[in-house]
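Have a look at the structure below, then the notes.
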Amino acid sequence: MSAARFEATALVVPFENLRMTDVEAVGGKNASLGEMISQLSQTGVRVPGGFATTAHAFRQFLKHEGLDRRIAERLASLNIDDVRALAAAGAEIRGWIEAQPFPADLEAEVRTAFAQLTAENPDVTFAVRSSATAEDLPDASFAGQQETFLNVHGIDEVLHKMREVFASLYNDRAISYRVHKGFAHGDVALSAGVQRMVRSDLGSAGVMFTIDTESGFQDVVFITSSYGLGETVVQGAVNPDEFYVHKPALKNDKLAIIRRNLGSKLIRMEFASPEEKAATKKLVKTVDTAPEARNRYSLADAEVTELARYALIIEQHYGRPMDIEWGRDGIDGKLYILQARPETVKSQAAGQVEHHYKLKAHSAVLAEGRAIGQKIGTGPV
């Protein structure tokens, strides 16, 4: 950690002051955002700005009024294989964290950082995301185990969602995962990242990989895209459009899109209106995609090519295959990188025995979709 960028006891750090060497302070997700903003902006890669609370801030939050001791005592005798006991302990701990007041100095710094971000546009909304200090490391995929909140507006709502992010370190799955992977609960801290939202609710969003996720072939960029916020793609709730871009052709400035598949894109996730938020307490909503939009690609070829170029820049910078979330702002029409982390499946399969399975019989196809594994299962559908 560089003292010139921030002190070891810093509570809040702007993204632009973060580097990949700060994983212990702000987690892999926020460190990667800072790395891209500070190191890749001159290459044309756009990353929305924001700030992160530090692991030190999280530990100070838990120490406040002795909450850390209560949590340690509650987990000390827990049998994680007892599902009901795990659920009860997790719910109780999360309740404690969400009711915990912020230390005065931490709240003051968050308010100051937020005021600076919203000085030019008070109506901008934010994503509040978790970034665990053991997350997105090449050997342990912690991604997705904590919370993400989209379309968060105003400092009071941001502070509330930050507590919920902190509490998510103790959801049932995360508690169990740490025990099975050998991480001590107290060794994993949480950083809350507050990032300006790209208006992809009015555009499109998705995920791209700098490796083919099915074969492990490294000479393509695989891009998925659907209308609205990218959570539908990340969560597998929608069949997105798919694009394969050939890296050598792209590097030689030739036409590089070698394959495209039109997805059904049946639904899209949008911002909830203030009235809907007040009525349902939900920040986003899912609506049906108009039929004419389903039958069109959600990205133009020029946008696919621009994203693939960003992917190559990011992969070259990190020196490994990457898993990248992106969004196209429906207001300014620009493409933004929202997250980037190491790809942790196919890139680590080299040297391992690969099994292939084949069905011996055929019958009527009941459902189709993208495979998430390469095995055959049986049972009722």
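FYI, nothing fancy with the structure tokens labels: chains A, B, ... in order, residues from 1 per chain, ligands from 1 as they appear.
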Inset, instruction - Per DSSP on the backbone, filter stretch 27-268 of chain A down to the residues in strand (DSSP E) and report them as a ChimeraX atom specification. - result: /A:50-53,126-132,148-152,190-196,204-209,220-227,241-246,257-261,267-268
Legend entry - Polymer residues at most 12 Å from A:Asn79, only C-alpha atoms, same-chain spacing of 3 or more positions, as an NGL selection string: :A and (74-76 or 82-90 or 172 or 175-176 or 179-180)
Legend entry - From A:Val207, A:Ile97, A:Leu159, A:Leu255, residue lying nearest A:Glu343 [only C-alpha atoms]: A:Val207
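Nearest residue to A:Asn171 among A:Leu335, A:Ala300, A:Ile267, A:Ile80 is A:Ile80, counting only C-alpha atoms.
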Inset, instruction - Could you tell me which of A:Asn252, A:Thr9, A:Ser131, A:Gln339 comes closest to A:Gly230 if we count only C-alpha atoms? - result: A:Gln339
Inset, instruction - Looking only at helix (DSSP H, G or I) from DSSP on the backbone, list the matching residues of stretch 232-362 of chain A as a VMD selection string. - result: chain A and resid 232 to 234 247 to 251 274 to 280 291 to 294 301 to 318 346 to 348
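Across the structure, atom CA of A:Ala174 and atom CA of A:Gln235 are spaced 17.3 Å apart.
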Legend entry - Contact residues around A:Glu231 with only C-alpha atoms at 10 Å, ignoring same-chain residues under 5 positions, as an MDAnalysis selection string: chainID A and resid 148 150 205:207 226 236:238 268:269 325
Legend entry - Distance query stretch 111-115 of chain A at most 7 Å, only C-alpha atoms, self and fewer than 4 positions along chain excluded, as a ChimeraX atom specification: /A:107,119,155
